[in-house]
Amino acid sequence: MGKKIKKEVEPPPKDLFDPLMIESKKAATVVLMLNSPEEEILAKACEAIYKFALKGEENKTTLLELGAVEPLTKLLTHEDKIVRRNATMIFGILASNNDVKKLLRELDVMNSVIAQLAPEEEVVIHEFASLCLANMSAEYTSKVQIFEHGGLEPLIRLLSSPDPDVKKNSMECIYNLVQDFQCRAKLQELNAIPPILDLLKSEYPVIQLLALKTLGVITNDKESRTMLRDNQGLDHLIKILETKELNDLHIEALAVIANCLEDMDTMVQIQQTGGLKKLLSFAENSTIPDIQKNAAKAITKAAYDPGNRKLFHEQEVEKCLVALLGSENDGTKIAASQAISAMCENSGSKDFFNNQGIPQLIQLLKSDNEEVQEAAALALANLTTCNPANANAAAEADGIDPLINVLSSKRDGAIANAATVLTNMAMQEPLRLNIQNHDIMHAIISPLRSANTVVQSKAALAVTATACDVEARTELRNSGGLEPLVELLRSKNDEVRKHASWAVMVCAGDELTANELCRLGALDILEEVNLSGTRKNKFSEAAYNKLLNNNLSLKYSQTGYLSSSNIINDGFYDYGRINPGTKLLPLKELCLQEPSDLRAVLLINSKSYVSPPSSMEDKSDAGYGRSISSSSSLRRSSKEKNKKNSYHFSAGFGSPIEDKSEPASGRNTVLSKSATKEKGWRVLKQLLLASCPAFVTVFNGTDRVKKSKGKKEEEKVKEEEEVMAVPKFVGEGSSDKEWCPPSDPDFSMYVYEVTKSILPITNIKEQIEDLAKYVAEKMGGKIPKEKLPDFSWELHISELKFQLKSNVIPIGHVKKGIFYHRALLFKALADRIGIGCSLVRGEYGRAWNEVMLQNDSQKGVIGGLPAPEMYMVDLMFHPGGLMKLRSREADLYRFL
């Protein structure tokens with residue numbers, strides 16, 4: 001045998017690196033290994049980083065700072081499955097860090113993560129990829145990226161995964177995504193309802209809860225509700241409610257049911273299957289406050305549909321809601337009150353709550369929780385609207401006092417609702433009086449001053465309903481409530497301005513309140529509002545007219561018209577036409593002005609004033625504003641003129657002071673001998689007695705109260721004593737009180753004469769004709785049309801202005817008057833004796849009176865009586881003549 005030769009071992013190639021076992025304790029070193037080309041090193045490095053990231057948020061931040069995120073993103077698409085899996089696991093953990101999320105969005109890795117949801121990938125990759133998406137989807141920008149990269153479809157597919165973690169992560173991500181409308185619409189296209197409903201059967205509560213929350217969001221859309229109904233989703237929800245062990249899911253299940261009940265078809269289905277009755281029973285008998293609250297909310301949402309309200313009423317939902325009002329939980333009380341508010345649209349429900357519900361709601365008004373007060377007040381507001389029986393029930397339950405207390409609440413909604421209830425109650429007079437006795441006028445002032453427009457509107461409406469009598473308006477005025485009410489007229493809110501105007505119109509029903517409103521600027525504000533084409537409304541126009549009715553001087557200057565119900569009283573003056581927006585100067589200021597070439601201001605004043613001390617009489621050369629007794633000489637001259645030029649109609653007119661040679665007719669009034677001997681103040685006293693408003697003025701011009709002719713001597717003496725007791729108009733220490741308007745003894749004489757001679761006439765037509773002749777005679781007599789240009793009335797007026805040293809001329813001083821002088825005097829005298837007539841201003845100094853008379857013909861018979869017709873009174877050309885008005889423009893042209 002030959003000798004065995006030992007085979008030599010070949011040395012390793014010189015270019016081959018010997019295996020090296022590395023043990024690193026530094027994260028930075030491992031991060032550097034992520035750039036290695038070796039799969040094994042990459043896999044181990046990823047595994048080490050995953051374990052490091054699991055230990056806490058600080059480690060995630062450290063990895064971010066070391067720059068691990070960017071190389072890891074490249075590993076998501078690595079060819080090696082292990083490397084890809086480990087990298088995906090890291091991102092599932094790191095994506096919970098907000099800074100990492102931000103960097104991932106910038107690196108645009110969403111497409112790579114979604115790719116890991118492919119069916120061929122491992123379950124572990126599905127788990128951590130879906131976890132990464134779930135963490136990322138918490139922010140809106142990431143939601144958009146997931147949706148745009150088609151992430152919704154693979155997520156829905158993973159809902160059927162056998163792994164519960166995959167289901168949980170996918171469901172959580174879907175829940176975040178469906179907060180956006182586009183995702184919800186896409187979800188319907190992908191038919192996601194069935195797999196979500198299957199998750200309700202999961203043994204894991206967290207999955208069931210996420211599924212219910214997702215259903216609660218997507219069922220806000222009608223299409224999703226239809227899909228849920230078609231897939232028997234309501235049965236699943238009712239079973240959850242019936243299972244006591246699933247009580248932690250009941251709240252979310254009720255939220256889904258609440259959405260579903262908004263559809264009439266769903267409501268019918270749940271009612272037919274008995275589910276509605278189960279739902280109401282469940283809500284009433286549950287001991288968990290949040291469940292009761294959500295059940296009431298479900299009823300509230302569904303009750304906004306008329307058909308649903310009808311079905312609820314058939315199922316006696318009212319009993320359930322009344323029971324919930326007695327809950328100890330404030331949230332349940334609020335929800336039940338809101339449900340009652342929604343059910344109030346059903347008349348049957350309103351009637352049910354009359355005896356059951358309203359007393360409980362009144363008690364809730366006394367709660368310390370103002371949210372409870374607000375909800376209860378809202379329910380009461382809806383219950384009492386257009387329902388007098390419920391308004392009475394609220395009053396009988398002693399609800400007025402709590403409601404007024406709520407007006408001082410800090411919650412605007414509670415105040416507005418309480419004001420609405422009080423308004424509804426005040427529609428009935430007995431309740432209104434009861435409300436007024438609880439100091440409503442003082443309590444409503446604070447809401448009127450609110451900055452909330454809804455509160456302002458409701459408070460103004462409450463004033464409208466409660467200030468319907470003088471006592472209430474007086475209380476509001478004395479409490480300072482008119483000032484904030486007037487301020488609301490300036491509101492830019494249409495509703496506030498409308499209701500404030502309505503309230504002002506009501507408050508202007510008595511003279512004192514109307515004057516105070518004018519003093520506060522209501523008339524000026526309303527005038528400004530009505531000049532605006534966008535801000536004015538019917539109520540602002542009505543309020544303005546109502547205030548004008550208490551300021552007839554301004555009304556006639558602006559509108560050129562006074563109706564038969566506008567009674568001219570002492571202090572009225574005709575300034576002439578003024579344009580809208582122009583201020584009408586007060587009478588005192590006009591009296592203090594020097595005479596000018598402006599149109600004379602005609603004054604109506606039958607009052608006489610006590611003369612001031614003799615020291616003031618020395619200034620009789622001054623105008624009205626400088627002397628009160630300056631008319632004494634005029635009074636004497638007017639007496640002489642009246643005595644010299646006395647005129648008697650066939651009807652029998654007479655002066656209070658007559659010559660003994662003149663026989664007295666049946667209608668003349670003759671003074672006693674002692675009265676004729678007295679001069680000066682004695683005559684003035686008698687004139688005051690004549691002008692005293694001892695007769696009732698009847699606006700329709702047909703009924704009058706006559707003064708008794710058979711007065712006893714004692715009564716005459718008593719009247720004289722009353723005249724002696726007339727208070728002085730001259731004040732002490734105040735210039736405003738010292739001034740008083742010019743007296744007009746001639747007009748006082750006119751009032752006396754027409755009262756004694758024309759008032760007793762029983763035929764209204766004869767009254768009008770005689771009064772027209774009387775007025776014409778006092779103003780210069782009959783003037784033929786052809787001689788009208790020669791009637792020098794302008795010179796006469798100018799002489800009066802110079803003589804009186806003022807532009808203001810009492811109407812009795814005018815002895816030469818044309819149309820507008822005579823029409824004013826006719827209206828003033830007619831109002832004193834109850835003849836209903838209007839005063840109309842025309843162009844070019846024209847004015848006339850219109851009266852309503854019954855037609856003697858049978859053509860216009862209404863109800864067996866002749867129909868009334870309008871006539872114009874002739875005071876110039878044929879005094880006493882009456883012309884029927886058919887076509888006003890043509891008739892006026894022909895008449896004037």
# chains A, B, ... in the order shown; residues from 1 in each chain; ligands from 1
$ residues_around --residues "stretch 217-219 of chain A" --least-positions-apart "5" --cutoff "7 Å" --atoms "only C-alpha atoms" --output "JSON, numbers by chain"
{"A": [178, 179, 184, 224, 225, 256, 259, 260]}
$ residues_around --residues "A:Ile146" --least-positions-apart "3" --cutoff "8 Å" --atoms "only C-alpha atoms" --output "PyMOL selection string"
chain A and resi 110-111+114+133+137+142-143+149-152
$ residues_around --residues "stretch 560-571 of chain A" --least-positions-apart "3" --cutoff "6 Å" --atoms "only C-alpha atoms" --output "list in words"
Tyr556, Ser557, Ile604, Asn605, Phe699, Ala828, Asp831, Gly836, Cys837, Ser838, Leu839, Val840 and Arg841 of chain A
$ write_last_selection --atoms "C-alpha atoms" --output "mmCIF file, in the first residue's frame"
data_model
loop_
_atom_site.group_PDB
_atom_site.id
_atom_site.type_symbol
_atom_site.label_atom_id
_atom_site.label_comp_id
_atom_site.auth_asym_id
_atom_site.auth_seq_id
_atom_site.Cartn_x
_atom_site.Cartn_y
_atom_site.Cartn_z
ATOM 1 C CA TYR A 556 -102.397 116.907 10.543
ATOM 2 C CA SER A 557 -99.154 118.585 9.502
ATOM 3 C CA ILE A 604 -107.417 126.057 18.994
ATOM 4 C CA ASN A 605 -107.771 127.009 22.655
ATOM 5 C CA PHE A 699 -117.544 109.677 17.400
ATOM 6 C CA ALA A 828 -113.088 122.090 16.157
ATOM 7 C CA ASP A 831 -115.983 117.876 17.822
ATOM 8 C CA GLY A 836 -118.537 113.331 13.452
ATOM 9 C CA CYS A 837 -116.518 114.888 10.665
ATOM 10 C CA SER A 838 -113.065 114.645 9.144
ATOM 11 C CA LEU A 839 -110.619 117.387 8.237
ATOM 12 C CA VAL A 840 -108.787 117.061 4.926
ATOM 13 C CA ARG A 841 -105.974 119.296 3.690
#
$ residues_around --residues "A:Ser606" --least-positions-apart "4" --cutoff "7 Å" --atoms "only C-alpha atoms" --output "PDB file with N, CA and C atoms, in the first residue's frame"
ATOM      1  N   ASP A 570    -108.128 121.487  23.106  1.00  0.00           N
ATOM      2  CA  ASP A 570    -107.382 122.719  23.330  1.00  0.00           C
ATOM      3  C   ASP A 570    -105.887 122.447  23.238  1.00  0.00           C
ATOM      4  N   SER A 691    -117.244 126.472  28.085  1.00  0.00           N
ATOM      5  CA  SER A 691    -116.260 125.610  27.408  1.00  0.00           C
ATOM      6  C   SER A 691    -115.903 124.383  28.211  1.00  0.00           C
ATOM      7  N   SER A 743    -104.887 132.742  25.078  1.00  0.00           N
ATOM      8  CA  SER A 743    -106.311 132.457  25.251  1.00  0.00           C
ATOM      9  C   SER A 743    -107.094 132.969  24.049  1.00  0.00           C
ATOM     10  N   ASP A 744    -108.282 132.459  23.891  1.00  0.00           N
ATOM     11  CA  ASP A 744    -109.106 132.802  22.725  1.00  0.00           C
ATOM     12  C   ASP A 744    -110.559 132.941  23.176  1.00  0.00           C
ATOM     13  N   PRO A 745    -110.920 134.104  23.730  1.00  0.00           N
ATOM     14  CA  PRO A 745    -112.299 134.270  24.221  1.00  0.00           C
ATOM     15  C   PRO A 745    -113.337 134.175  23.118  1.00  0.00           C
ATOM     16  N   PHE A 747    -113.258 132.203  20.470  1.00  0.00           N
ATOM     17  CA  PHE A 747    -113.535 130.787  20.219  1.00  0.00           C
ATOM     18  C   PHE A 747    -114.343 130.188  21.375  1.00  0.00           C
ATOM     19  N   SER A 748    -114.043 130.627  22.603  1.00  0.00           N
ATOM     20  CA  SER A 748    -114.855 130.169  23.736  1.00  0.00           C
ATOM     21  C   SER A 748    -116.310 130.568  23.547  1.00  0.00           C
TER      22      SER A 748
END
$ atom_distance --atom1 "atom CA of A:Asn452" --atom2 "atom CA of A:Asp368"
22.5 Å
$ closest_residue --among "A:Gly56, A:Gly275, A:Gly533, A:Pro162" --to "A:Gln315" --atoms "only C-alpha atoms"
A:Gly275
$ atom_distance --atom1 "atom CA of A:Asp790" --atom2 "atom CA of A:Lys816"
11.8 Å
$ atom_distance --atom1 "atom CA of A:Ser596" --atom2 "atom CA of A:Ile578"
17.5 Å
$ select_by_dssp --residues "stretch 728-811 of chain A" --states "alpha helix (DSSP H)" --output "MDAnalysis selection string"
chainID A and resid 735:738 745:757 764:778 793:804
$ residues_around --residues "A:Gly331" --least-positions-apart "4" --cutoff "12 Å" --atoms "only C-alpha atoms" --output "PDB file with N, CA and C atoms, in the first residue's frame"
ATOM      1  N   ILE A 288     -81.034  53.250  34.817  1.00  0.00           N
ATOM      2  CA  ILE A 288     -79.787  53.926  34.435  1.00  0.00           C
ATOM      3  C   ILE A 288     -80.143  55.277  33.820  1.00  0.00           C
ATOM      4  N   PRO A 289     -79.744  56.383  34.447  1.00  0.00           N
ATOM      5  CA  PRO A 289     -80.138  57.711  33.963  1.00  0.00           C
ATOM      6  C   PRO A 289     -79.746  57.972  32.516  1.00  0.00           C
ATOM      7  N   ASP A 290     -78.543  57.578  32.123  1.00  0.00           N
ATOM      8  CA  ASP A 290     -78.109  57.853  30.745  1.00  0.00           C
ATOM      9  C   ASP A 290     -78.966  57.122  29.728  1.00  0.00           C
ATOM     10  N   ILE A 291     -79.436  55.932  30.104  1.00  0.00           N
ATOM     11  CA  ILE A 291     -80.311  55.179  29.195  1.00  0.00           C
ATOM     12  C   ILE A 291     -81.647  55.890  29.050  1.00  0.00           C
ATOM     13  N   GLN A 292     -82.206  56.348  30.165  1.00  0.00           N
ATOM     14  CA  GLN A 292     -83.469  57.085  30.114  1.00  0.00           C
ATOM     15  C   GLN A 292     -83.309  58.371  29.303  1.00  0.00           C
ATOM     16  N   LYS A 293     -82.192  59.041  29.506  1.00  0.00           N
ATOM     17  CA  LYS A 293     -81.938  60.287  28.787  1.00  0.00           C
ATOM     18  C   LYS A 293     -81.869  60.041  27.284  1.00  0.00           C
ATOM     19  N   ASN A 294     -81.140  59.017  26.874  1.00  0.00           N
ATOM     20  CA  ASN A 294     -81.001  58.728  25.450  1.00  0.00           C
ATOM     21  C   ASN A 294     -82.302  58.226  24.841  1.00  0.00           C
ATOM     22  N   ALA A 295     -83.088  57.516  25.647  1.00  0.00           N
ATOM     23  CA  ALA A 295     -84.396  57.080  25.150  1.00  0.00           C
ATOM     24  C   ALA A 295     -85.288  58.293  24.876  1.00  0.00           C
ATOM     25  N   ALA A 296     -85.257  59.259  25.791  1.00  0.00           N
ATOM     26  CA  ALA A 296     -86.049  60.479  25.593  1.00  0.00           C
ATOM     27  C   ALA A 296     -85.539  61.261  24.381  1.00  0.00           C
ATOM     28  N   LYS A 297     -84.222  61.277  24.201  1.00  0.00           N
ATOM     29  CA  LYS A 297     -83.667  61.947  23.031  1.00  0.00           C
ATOM     30  C   LYS A 297     -84.102  61.262  21.740  1.00  0.00           C
ATOM     31  N   LEU A 324     -90.674  60.057  33.112  1.00  0.00           N
ATOM     32  CA  LEU A 324     -89.274  60.490  33.062  1.00  0.00           C
ATOM     33  C   LEU A 324     -89.087  61.870  33.679  1.00  0.00           C
ATOM     34  N   LEU A 325     -90.140  62.688  33.706  1.00  0.00           N
ATOM     35  CA  LEU A 325     -90.031  63.992  34.352  1.00  0.00           C
ATOM     36  C   LEU A 325     -89.750  63.860  35.845  1.00  0.00           C
ATOM     37  N   GLY A 326     -90.155  62.739  36.403  1.00  0.00           N
ATOM     38  CA  GLY A 326     -89.942  62.514  37.826  1.00  0.00           C
ATOM     39  C   GLY A 326     -88.586  61.922  38.156  1.00  0.00           C
ATOM     40  N   SER A 327     -87.717  61.765  37.169  1.00  0.00           N
ATOM     41  CA  SER A 327     -86.383  61.221  37.405  1.00  0.00           C
ATOM     42  C   SER A 327     -85.575  62.140  38.314  1.00  0.00           C
ATOM     43  N   ALA A 335     -84.141  66.006  28.870  1.00  0.00           N
ATOM     44  CA  ALA A 335     -84.480  65.248  27.665  1.00  0.00           C
ATOM     45  C   ALA A 335     -85.983  64.980  27.585  1.00  0.00           C
ATOM     46  N   ALA A 336     -86.605  64.652  28.730  1.00  0.00           N
ATOM     47  CA  ALA A 336     -88.045  64.401  28.739  1.00  0.00           C
ATOM     48  C   ALA A 336     -88.820  65.674  28.406  1.00  0.00           C
ATOM     49  N   SER A 337     -88.384  66.813  28.946  1.00  0.00           N
ATOM     50  CA  SER A 337     -89.047  68.089  28.649  1.00  0.00           C
ATOM     51  C   SER A 337     -88.927  68.417  27.165  1.00  0.00           C
ATOM     52  N   GLN A 338     -87.762  68.153  26.590  1.00  0.00           N
ATOM     53  CA  GLN A 338     -87.578  68.404  25.160  1.00  0.00           C
ATOM     54  C   GLN A 338     -88.450  67.484  24.314  1.00  0.00           C
ATOM     55  N   ASN A 369     -81.187  74.043  38.746  1.00  0.00           N
ATOM     56  CA  ASN A 369     -80.484  73.890  37.474  1.00  0.00           C
ATOM     57  C   ASN A 369     -81.212  74.707  36.405  1.00  0.00           C
ATOM     58  N   GLU A 370     -80.558  75.741  35.881  1.00  0.00           N
ATOM     59  CA  GLU A 370     -81.214  76.622  34.922  1.00  0.00           C
ATOM     60  C   GLU A 370     -81.443  75.947  33.574  1.00  0.00           C
ATOM     61  N   GLU A 371     -80.662  74.898  33.259  1.00  0.00           N
ATOM     62  CA  GLU A 371     -80.934  74.143  32.036  1.00  0.00           C
ATOM     63  C   GLU A 371     -82.256  73.412  32.154  1.00  0.00           C
ATOM     64  N   VAL A 372     -82.539  72.905  33.339  1.00  0.00           N
ATOM     65  CA  VAL A 372     -83.832  72.256  33.582  1.00  0.00           C
ATOM     66  C   VAL A 372     -84.952  73.279  33.447  1.00  0.00           C
ATOM     67  N   GLN A 373     -84.746  74.474  33.999  1.00  0.00           N
ATOM     68  CA  GLN A 373     -85.746  75.536  33.884  1.00  0.00           C
ATOM     69  C   GLN A 373     -86.024  75.874  32.417  1.00  0.00           C
ATOM     70  N   ALA A 375     -85.572  73.985  29.701  1.00  0.00           N
ATOM     71  CA  ALA A 375     -86.270  72.908  28.997  1.00  0.00           C
ATOM     72  C   ALA A 375     -87.740  72.846  29.412  1.00  0.00           C
TER      73      ALA A 375
END
$ closest_atom_pairs --of "stretch 428-504 of chain A" --to "stretch 516-520 of chain A" --cutoff "12 Å" --atoms "only C-alpha atoms" --output "Markdown table"
| residue | atom | partner | partner_atom | distance |
| --- | --- | --- | --- | --- |
| A:Arg473 | CA | A:Glu516 | CA | 11.0 |
| A:Thr474 | CA | A:Glu516 | CA | 10.6 |
| A:Leu476 | CA | A:Glu516 | CA | 11.3 |
| A:Arg477 | CA | A:Glu516 | CA | 8.0 |
| A:Asn478 | CA | A:Glu516 | CA | 10.4 |
| A:Gly480 | CA | A:Glu516 | CA | 10.5 |
| A:Gly481 | CA | A:Leu517 | CA | 10.4 |
| A:Leu482 | CA | A:Leu517 | CA | 6.7 |
| A:Glu483 | CA | A:Leu520 | CA | 6.6 |
| A:Pro484 | CA | A:Leu520 | CA | 9.8 |
| A:Leu485 | CA | A:Leu517 | CA | 9.2 |
| A:Val486 | CA | A:Leu520 | CA | 7.1 |
| A:Glu487 | CA | A:Leu520 | CA | 9.0 |
| A:Leu489 | CA | A:Leu520 | CA | 11.4 |
| A:Ser501 | CA | A:Leu517 | CA | 11.5 |
| A:Ala503 | CA | A:Leu517 | CA | 11.2 |
| A:Val504 | CA | A:Leu517 | CA | 7.8 |
$ residues_around --residues "A:Ala416" --least-positions-apart "5" --cutoff "8 Å" --atoms "only C-alpha atoms" --output "PyMOL selection string"
chain A and resi 407+454-455+458-459
$ write_last_selection --atoms "N, CA and C atoms" --output "PDB file, in the first residue's frame"
ATOM      1  N   LEU A 407     -87.834  84.893  34.566  1.00  0.00           N
ATOM      2  CA  LEU A 407     -87.461  86.062  33.764  1.00  0.00           C
ATOM      3  C   LEU A 407     -86.152  86.687  34.230  1.00  0.00           C
ATOM      4  N   VAL A 454     -83.578  87.282  20.592  1.00  0.00           N
ATOM      5  CA  VAL A 454     -84.743  86.419  20.838  1.00  0.00           C
ATOM      6  C   VAL A 454     -85.436  86.846  22.134  1.00  0.00           C
ATOM      7  N   VAL A 455     -84.643  87.116  23.163  1.00  0.00           N
ATOM      8  CA  VAL A 455     -85.204  87.567  24.441  1.00  0.00           C
ATOM      9  C   VAL A 455     -85.896  88.914  24.253  1.00  0.00           C
ATOM     10  N   LYS A 458     -89.283  88.306  22.462  1.00  0.00           N
ATOM     11  CA  LYS A 458     -90.296  87.675  23.304  1.00  0.00           C
ATOM     12  C   LYS A 458     -90.744  88.607  24.428  1.00  0.00           C
ATOM     13  N   ALA A 459     -89.818  89.399  24.963  1.00  0.00           N
ATOM     14  CA  ALA A 459     -90.177  90.336  26.034  1.00  0.00           C
ATOM     15  C   ALA A 459     -91.108  91.418  25.504  1.00  0.00           C
TER      16      ALA A 459
END
$ residues_around --residues "stretch 298-305 of chain A" --least-positions-apart "4" --cutoff "10 Å" --atoms "only C-alpha atoms" --output "PyMOL selection string"
chain A and resi 254-264+267+279-280+292-294+309-313+317+321+335-346
